[in-house]
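Enquirer: For reference, the structure I am asking about is given below.
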Amino acid sequence: MKTKQLLLLFGIVALIQLAIPASMIWDNQQTIEKGTAYKFKTAPVDPNNPFVGKYIALQYTLESFPSKDSTWESGDPVYIYLTKDPNGFAAIKKAVKSKDKNSTDDFVVAKVNYAFDGNVHFLFPFNTYYMEESKAYDAEVAYREQVRDTISYPTYALVHVKDGNAVLSDVIIKNIPIKEYVRKK
Amino acid sequence: MSSKIVKELPKLVDAQIISPETAKAIEHYYRNSPDTKSNSLLTIFGVLGAILIGLGIILIFAHNWDDFPKTAKVILAFLPLVICQFFIGYTLVKQKSTVWKEVTGTFLFFAIGATIALISQIYNIPGNLGSFLLTWILLSVPVLYILNSNSLALLHLIFATYYGVEAGYGKSDYPWLYLFLIVLFLPHYYQLCKQHPKGNITSVFHWLLPFSITIMLGAFFSGTSRLGFLIYISLFGLFFNIGKLSFFEEQRFIKNGYLILGVLGTSILSIILSSKWFWLEFYRSNHSNTSDLVLLLSLQLTTLILIVRYFQKNKKDIRQVNGFQVLFLVFNLIFLLGMTNNLIGMILTNIVVLLMGALLIKNGSQQSDFTILNYGLVVIAVLIICRFFDTNISFVIRGLLFIAVGVGFFYANYILLQKTKNNRS
């Protein structure tokens, strides 16, 4: 191949290499800016990704919903339609197998964990919150301690939702972001 | 060095020192011939340096600098990528040497990883390592072919295996995309085999590709399959027969990864299969499904085609067959008989391993090859050591067996040494 053609080809490849990370940013940034913010109450749980860094693993109190359907299989997608409860926390309106085209409610796509006793249990895709490595352990400990307090100061995750895309932007403990909470401690 | 000479060619043509045809011939020679030794050393250390720096940058990013504002982080994410892309563009325009191509290519590979890692961090994209690796590999494949870079091919193969392990083991689905990634690597491998059949880097791939497949095969059948061991023995049979192809047989022994992995894999598995544990616990309690059988048959069919072609091409008599070429067929029979009675399976496997060792010793002494002879002795010794632990033979007999094998080692080597001395004189 001639240099010119090679260079042209590389130009295209380089653009793709830039475009894919950029589109990751675009989708998520749009969700944060224009999506609706939901507060997901968390429930009690020093993992690390070798390339991305340390994170705290989050679980939610909302991870099951009554369902008469007995054909749920582990790993299947489940469309969770959201609403807000009187205290302003996220609540589930319905959990269905496929996208409801008539609904204008926000939804996220979770993965079925298992179905048992008339309930479908699932895992939300926003279960990872990356932290600075020196703070991740303290954050995990603080999170575990505080997460039991579900009445006076519920710990929650702030999740932005738009068109099925969900971006976790913060974890709040005692009404302050976890990063600051750890710093103050 | 070579790129400097190539650059000087137009001047020499203008000055009518050499003809345009000679200039073209010289350029062709330098473009296609392997670089000089110093150049390949520079390439190796350059690439190693680039890998270390690249991984270092990823690790520094992984610290998670949460004091930085989001915009700064986003700019930081793209910075290494854009710099590397610029340098690759420069390498292409200036037609830089192989060293440049390999080093900038390696840098770009890790820059891509760093970019997507940092964006995952900024937006808390869940830590699914499999999909992260897949995006990374797919974004860097085209550069492998644009630069024709061996280091990128090497990284591709290693990371594809890493992806396969992440996506395949402990999951319910088979990692089909791993196969796709291997297919993406094959044109480069084919080109290398054609252009540099004896090259060192080519032989690195002769080792790495079968090694990667060995690691990943287990993800393509159920973990409790009773056929699992047979599937692996068939794979090693296939490797051995690939290693027997004239292209690989012409290579130096150590460069023939297929042949060596085939022999080692077959012998290790045969010894495992000769154990009480396999026949009385594993084989009895496990079952297999149709997809395992399909995998087994397709591996064996491919191997049989290779064997038939081998004998047709080399015009050899079927009696000259090497035991390792067809051992998987023998194990088919043993597995079938083992279904009726586990004990028969166990006894037959032990006989097969013993015969394997004996044949290796015989071949080694006939060909005056110490490696083959001692390998045969090692096989028998390991077999006896294993039986030492799982049978109830009396201590005296076990002791005598060990002494016999030890004496056998000395005697066989001594005889062979005498034979080679006599041959020389």
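Going through the structure tokens in order, the chains are called A, B, and so on, while each chain numbers its residues from 1 and the ligands are numbered from 1 in the order shown.
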Just the helix (DSSP H, G or I) stuff from segment 196-408 of chain B, please, per backbone DSSP, written as a compact mmCIF listing (two decimals) with C-alpha atoms, in the first residue's frame.

Expert:
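Output (states-v1.txt):
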# COMPACT_ATOMS: atom_id res chain seq x y z
CA ASN B 200 12.62 -15.46 15.57
CA ILE B 201 9.43 -13.46 15.95
CA THR B 202 7.61 -15.99 13.74
CA SER B 203 8.65 -18.79 16.08
CA VAL B 204 7.47 -16.77 19.08
CA PHE B 205 4.01 -16.91 17.50
CA HIS B 206 4.44 -20.67 16.83
CA TRP B 207 4.56 -20.97 20.61
CA LEU B 208 2.15 -18.29 21.66
CA LEU B 209 -0.79 -19.18 19.41
CA PRO B 210 -1.07 -22.84 20.49
CA PHE B 211 -0.45 -21.76 24.07
CA SER B 212 -3.33 -19.28 23.92
CA ILE B 213 -5.62 -21.91 22.38
CA THR B 214 -4.60 -24.39 25.11
CA ILE B 215 -5.59 -21.87 27.78
CA MET B 216 -8.90 -21.07 26.11
CA LEU B 217 -10.13 -24.50 24.97
CA GLY B 218 -11.45 -25.22 28.46
CA ALA B 219 -13.90 -22.33 28.14
CA PHE B 220 -15.59 -24.07 25.21
CA GLY B 228 -12.91 -32.66 28.80
CA PHE B 229 -9.64 -34.57 29.06
CA LEU B 230 -10.23 -36.33 25.77
CA ILE B 231 -10.96 -32.99 24.08
CA TYR B 232 -7.64 -31.67 25.38
CA ILE B 233 -5.75 -34.80 24.28
CA SER B 234 -7.27 -34.37 20.82
CA LEU B 235 -6.11 -30.73 20.79
CA PHE B 236 -2.57 -31.79 21.63
CA GLY B 237 -2.81 -34.45 18.93
CA LEU B 238 -3.81 -31.71 16.51
CA PHE B 239 -0.85 -29.56 17.63
CA PHE B 240 1.53 -32.49 17.18
CA ASN B 241 0.25 -33.10 13.67
CA ILE B 242 0.51 -29.40 12.81
CA GLY B 243 4.10 -29.55 14.09
CA SER B 246 6.81 -29.96 6.42
CA PHE B 247 6.82 -26.18 7.05
CA PHE B 248 7.28 -26.71 10.79
CA GLU B 249 9.47 -29.81 10.56
CA PHE B 253 13.19 -28.24 17.09
CA ILE B 254 12.99 -25.51 19.73
CA LYS B 255 11.12 -23.20 17.33
CA GLY B 257 6.06 -24.84 19.50
CA TYR B 258 3.22 -26.93 18.10
CA LEU B 259 5.25 -30.15 18.21
CA ILE B 260 6.70 -29.56 21.68
CA LEU B 261 3.38 -28.47 23.20
CA GLY B 262 1.73 -31.46 21.52
CA VAL B 263 4.21 -33.91 23.05
CA LEU B 264 4.27 -32.31 26.51
CA GLY B 265 0.49 -31.90 26.67
CA THR B 266 -0.21 -35.44 25.54
CA SER B 267 2.24 -36.96 28.02
CA ILE B 268 1.10 -34.89 31.01
CA LEU B 269 -2.56 -35.63 30.31
CA SER B 270 -1.89 -39.33 29.76
CA ILE B 271 -0.26 -39.52 33.16
CA ILE B 272 -3.20 -37.71 34.80
CA LEU B 273 -5.58 -40.10 33.03
CA LYS B 276 -7.24 -43.83 40.17
CA TRP B 277 -8.82 -40.42 40.81
CA PHE B 278 -9.74 -39.91 37.16
CA TRP B 279 -11.39 -43.27 36.52
CA LEU B 280 -13.01 -43.96 39.87
CA GLU B 281 -14.10 -40.42 40.81
CA PHE B 282 -14.09 -37.98 37.91
CA TYR B 283 -15.10 -40.19 35.01
CA ARG B 284 -17.76 -42.02 36.99
CA SER B 285 -19.48 -38.93 38.36
CA THR B 290 -23.79 -32.87 22.62
CA SER B 291 -21.84 -29.65 22.13
CA ASP B 292 -18.84 -31.22 23.88
CA LEU B 293 -19.09 -34.15 21.48
CA VAL B 294 -19.28 -31.83 18.46
CA LEU B 295 -16.14 -30.00 19.64
CA LEU B 296 -14.34 -33.32 20.16
CA LEU B 297 -15.29 -34.69 16.77
CA SER B 298 -14.39 -31.52 14.89
CA LEU B 299 -10.94 -31.45 16.52
CA GLN B 300 -10.36 -35.11 15.71
CA LEU B 301 -11.63 -34.80 12.16
CA THR B 302 -9.26 -31.91 11.46
CA THR B 303 -6.40 -33.96 12.90
CA LEU B 304 -7.29 -36.99 10.79
CA ILE B 305 -7.31 -34.86 7.63
CA LEU B 306 -3.82 -33.59 8.56
CA ILE B 307 -2.59 -37.15 9.17
CA VAL B 308 -3.91 -38.40 5.83
CA ARG B 309 -2.32 -35.46 4.02
CA TYR B 310 0.96 -36.06 5.86
CA PHE B 311 1.18 -39.63 4.65
CA GLN B 312 0.10 -38.77 1.12
CA LYS B 313 2.53 -35.90 0.77
CA ASN B 314 5.55 -37.60 2.29
CA ILE B 318 1.24 -46.06 7.49
CA ARG B 319 3.47 -48.28 9.69
CA GLN B 320 5.89 -45.40 10.07
CA GLY B 323 2.61 -42.77 18.32
CA PHE B 324 1.83 -39.17 19.31
CA GLN B 325 0.12 -38.60 15.95
CA VAL B 326 -2.65 -41.08 16.67
CA LEU B 327 -2.67 -41.41 20.45
CA PHE B 328 -5.99 -39.55 20.70
CA LEU B 329 -7.62 -42.36 18.70
CA VAL B 330 -6.31 -44.89 21.21
CA PHE B 331 -7.80 -42.81 24.00
CA ASN B 332 -11.16 -42.74 22.18
CA LEU B 333 -11.19 -46.51 22.48
CA ILE B 334 -10.10 -46.46 26.12
CA PHE B 335 -12.82 -43.93 27.01
CA LEU B 336 -15.43 -46.11 25.32
CA LEU B 337 -14.22 -49.25 27.14
CA GLY B 338 -13.99 -47.23 30.36
CA MET B 339 -17.72 -46.57 30.14
CA THR B 340 -18.40 -50.26 30.66
CA ASN B 342 -13.76 -47.97 34.95
CA LEU B 343 -11.03 -50.35 36.03
CA ILE B 344 -10.38 -51.47 32.44
CA GLY B 345 -9.96 -47.81 31.48
CA MET B 346 -7.42 -47.28 34.24
CA ILE B 347 -5.37 -50.38 33.45
CA LEU B 348 -5.32 -49.68 29.70
CA THR B 349 -4.20 -46.08 30.25
CA ASN B 350 -1.33 -47.26 32.42
CA ILE B 351 -0.27 -49.72 29.74
CA VAL B 352 -0.44 -46.98 27.09
CA VAL B 353 1.75 -44.61 29.13
CA LEU B 354 4.24 -47.40 29.82
CA LEU B 355 4.36 -48.23 26.10
CA MET B 356 4.76 -44.54 25.28
CA GLY B 357 7.80 -44.34 27.55
CA ALA B 358 9.26 -47.57 26.17
CA LEU B 359 8.78 -46.44 22.56
CA LEU B 360 10.41 -43.09 23.28
CA ILE B 361 13.39 -44.88 24.81
CA LYS B 362 13.60 -47.19 21.79
CA ASN B 363 13.41 -44.29 19.32
CA GLY B 364 15.90 -42.28 21.33
CA SER B 365 18.45 -45.06 21.29
CA GLN B 366 17.86 -45.82 17.60
CA PHE B 370 19.65 -38.23 24.37
CA THR B 371 16.67 -35.88 24.64
CA ILE B 372 14.14 -38.43 23.36
CA LEU B 373 15.72 -41.26 25.35
CA ASN B 374 15.66 -39.37 28.64
CA TYR B 375 12.19 -38.00 27.97
CA GLY B 376 10.99 -41.60 27.68
CA LEU B 377 12.70 -42.45 30.95
CA VAL B 378 11.11 -39.42 32.64
CA VAL B 379 7.65 -40.53 31.45
CA ILE B 380 8.13 -43.98 32.98
CA ALA B 381 9.62 -42.55 36.18
CA VAL B 382 6.72 -40.13 36.66
CA LEU B 383 4.24 -42.92 36.01
CA ILE B 384 5.86 -45.02 38.72
CA ILE B 385 6.03 -42.12 41.17
CA CYS B 386 2.31 -41.48 40.62
CA ARG B 387 1.43 -45.12 41.21
CA PHE B 388 3.56 -44.95 44.34
CA PHE B 389 0.88 -42.77 45.89
CA ASP B 390 -2.36 -44.33 44.75
CA PHE B 395 6.89 -51.05 50.09
CA VAL B 396 9.47 -53.63 49.05
CA ILE B 397 8.09 -53.88 45.53
CA ARG B 398 7.80 -50.10 45.23
CA GLY B 399 11.40 -49.77 46.40
CA LEU B 400 12.58 -52.35 43.89
CA LEU B 401 10.68 -50.55 41.10
CA PHE B 402 12.40 -47.29 41.93
CA ILE B 403 15.80 -48.94 41.96
CA ALA B 404 15.00 -50.56 38.63
CA VAL B 405 14.07 -47.22 37.04
CA GLY B 406 17.16 -45.56 38.49
CA VAL B 407 19.39 -48.30 37.12
CA GLY B 408 17.51 -48.00 33.83

Enquirer: Show which residues sit within 7 Å of Ala166 of chain A, as a list in words. Count only C-alpha atoms, and ignore same-chain residues fewer than 3 positions away.

Expert: Thr31, Val108, Phe126, Val159, His160, Val161 and Lys162 of chain A

Enquirer: Deliver the residues from the most recent selection as a file, using N, CA and C atoms, as a PDB file, in the first residue's frame.

Expert:
ATOM      1  N   THR A  31     -26.582  12.340  29.861  1.00  0.00           N
ATOM      2  CA  THR A  31     -27.442  11.770  30.888  1.00  0.00           C
ATOM      3  C   THR A  31     -27.345  12.587  32.172  1.00  0.00           C
ATOM      4  N   VAL A 108     -34.319   2.005  33.530  1.00  0.00           N
ATOM      5  CA  VAL A 108     -32.935   1.531  33.408  1.00  0.00           C
ATOM      6  C   VAL A 108     -33.006   0.037  33.082  1.00  0.00           C
ATOM      7  N   PHE A 126     -25.379   0.225  37.628  1.00  0.00           N
ATOM      8  CA  PHE A 126     -24.551   1.284  38.250  1.00  0.00           C
ATOM      9  C   PHE A 126     -24.143   0.852  39.662  1.00  0.00           C
ATOM     10  N   VAL A 159     -28.146   8.853  40.943  1.00  0.00           N
ATOM     11  CA  VAL A 159     -28.048   8.246  39.616  1.00  0.00           C
ATOM     12  C   VAL A 159     -28.852   9.077  38.619  1.00  0.00           C
ATOM     13  N   HIS A 160     -28.211   9.459  37.533  1.00  0.00           N
ATOM     14  CA  HIS A 160     -28.904  10.219  36.488  1.00  0.00           C
ATOM     15  C   HIS A 160     -29.387   9.248  35.417  1.00  0.00           C
ATOM     16  N   VAL A 161     -30.647   9.447  35.008  1.00  0.00           N
ATOM     17  CA  VAL A 161     -31.224   8.488  34.053  1.00  0.00           C
ATOM     18  C   VAL A 161     -31.786   9.232  32.860  1.00  0.00           C
ATOM     19  N   LYS A 162     -31.401   8.768  31.666  1.00  0.00           N
ATOM     20  CA  LYS A 162     -31.969   9.349  30.441  1.00  0.00           C
ATOM     21  C   LYS A 162     -31.971   8.284  29.347  1.00  0.00           C
TER      22      LYS A 162
END

Enquirer: Ranking B:Ala117, B:Ala72, B:Thr43, B:Tyr30 by minimum distance to chain A and counting only C-alpha atoms, which one comes first?

Expert: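 Checking each candidate against chain A, we get B:Ala117 as the closest.
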
Enquirer: Per residue of chain A within 9 Å of chain B, note the shortest atom pair and the distance in Å to one decimal, counting only C-alpha atoms, and order the rows by chain and increasing residue number, as JSON lines.

Expert:
{"residue": "A:Thr3", "atom": "CA", "partner": "B:Leu92", "partner_atom": "CA", "distance": 6.6}
{"residue": "A:Lys4", "atom": "CA", "partner": "B:Val93", "partner_atom": "CA", "distance": 7.9}
{"residue": "A:Leu6", "atom": "CA", "partner": "B:Ile146", "partner_atom": "CA", "distance": 6.4}
{"residue": "A:Leu7", "atom": "CA", "partner": "B:Leu92", "partner_atom": "CA", "distance": 6.4}
{"residue": "A:Leu9", "atom": "CA", "partner": "B:Ile146", "partner_atom": "CA", "distance": 7.6}
{"residue": "A:Phe10", "atom": "CA", "partner": "B:Ile146", "partner_atom": "CA", "distance": 6.7}
{"residue": "A:Gly11", "atom": "CA", "partner": "B:Gly89", "partner_atom": "CA", "distance": 7.9}
{"residue": "A:Val13", "atom": "CA", "partner": "B:Pro142", "partner_atom": "CA", "distance": 6.8}
{"residue": "A:Ala14", "atom": "CA", "partner": "B:Gln85", "partner_atom": "CA", "distance": 6.5}
{"residue": "A:Ile16", "atom": "CA", "partner": "B:Leu139", "partner_atom": "CA", "distance": 7.6}
{"residue": "A:Gln17", "atom": "CA", "partner": "B:Leu139", "partner_atom": "CA", "distance": 6.0}
{"residue": "A:Leu18", "atom": "CA", "partner": "B:Phe78", "partner_atom": "CA", "distance": 7.7}
{"residue": "A:Ile20", "atom": "CA", "partner": "B:Leu139", "partner_atom": "CA", "distance": 8.6}
{"residue": "A:Pro21", "atom": "CA", "partner": "B:Ile116", "partner_atom": "CA", "distance": 5.9}
{"residue": "A:Ala22", "atom": "CA", "partner": "B:Ile119", "partner_atom": "CA", "distance": 8.8}
{"residue": "A:Met24", "atom": "CA", "partner": "B:Ile119", "partner_atom": "CA", "distance": 7.4}
{"residue": "A:Ile25", "atom": "CA", "partner": "B:Ile119", "partner_atom": "CA", "distance": 6.8}
{"residue": "A:Asn28", "atom": "CA", "partner": "B:Tyr123", "partner_atom": "CA", "distance": 6.7}
{"residue": "A:Gln29", "atom": "CA", "partner": "B:Tyr123", "partner_atom": "CA", "distance": 8.2}
{"residue": "A:Asn48", "atom": "CA", "partner": "B:Gly127", "partner_atom": "CA", "distance": 8.2}
{"residue": "A:Asn49", "atom": "CA", "partner": "B:Gly127", "partner_atom": "CA", "distance": 6.3}
{"residue": "A:Pro50", "atom": "CA", "partner": "B:Ala62", "partner_atom": "CA", "distance": 8.0}
{"residue": "A:Phe51", "atom": "CA", "partner": "B:Ala117", "partner_atom": "CA", "distance": 6.3}
{"residue": "A:Val52", "atom": "CA", "partner": "B:Ala117", "partner_atom": "CA", "distance": 4.9}
{"residue": "A:Gly53", "atom": "CA", "partner": "B:Ala62", "partner_atom": "CA", "distance": 4.1}
{"residue": "A:Lys54", "atom": "CA", "partner": "B:Ala62", "partner_atom": "CA", "distance": 7.4}
{"residue": "A:Tyr55", "atom": "CA", "partner": "B:Gly127", "partner_atom": "CA", "distance": 8.6}
{"residue": "A:Pro125", "atom": "CA", "partner": "B:Pro126", "partner_atom": "CA", "distance": 6.7}
{"residue": "A:Phe126", "atom": "CA", "partner": "B:Pro126", "partner_atom": "CA", "distance": 6.2}
{"residue": "A:Asn127", "atom": "CA", "partner": "B:Pro126", "partner_atom": "CA", "distance": 6.4}
{"residue": "A:Thr128", "atom": "CA", "partner": "B:Pro126", "partner_atom": "CA", "distance": 5.0}
{"residue": "A:Tyr129", "atom": "CA", "partner": "B:Asn124", "partner_atom": "CA", "distance": 5.4}
{"residue": "A:Tyr130", "atom": "CA", "partner": "B:Gln121", "partner_atom": "CA", "distance": 5.9}
{"residue": "A:Met131", "atom": "CA", "partner": "B:Asn64", "partner_atom": "CA", "distance": 6.3}
{"residue": "A:Glu132", "atom": "CA", "partner": "B:Asn64", "partner_atom": "CA", "distance": 4.4}
{"residue": "A:Glu133", "atom": "CA", "partner": "B:His63", "partner_atom": "CA", "distance": 5.3}
{"residue": "A:Ser134", "atom": "CA", "partner": "B:His63", "partner_atom": "CA", "distance": 8.2}
{"residue": "A:Val167", "atom": "CA", "partner": "B:Tyr123", "partner_atom": "CA", "distance": 6.5}
{"residue": "A:Leu168", "atom": "CA", "partner": "B:Asn124", "partner_atom": "CA", "distance": 6.2}
{"residue": "A:Ser169", "atom": "CA", "partner": "B:Tyr123", "partner_atom": "CA", "distance": 7.0}
{"residue": "A:Lys179", "atom": "CA", "partner": "B:Asp66", "partner_atom": "CA", "distance": 8.5}

Enquirer: Measure the distance from atom CA of Tyr414 of chain B to atom CA of Asn322 of chain B in Å and round it to one decimal.

Expert: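 Result for atom CA of Tyr414 of chain B versus atom CA of Asn322 of chain B: 25.5 Å, one decimal.
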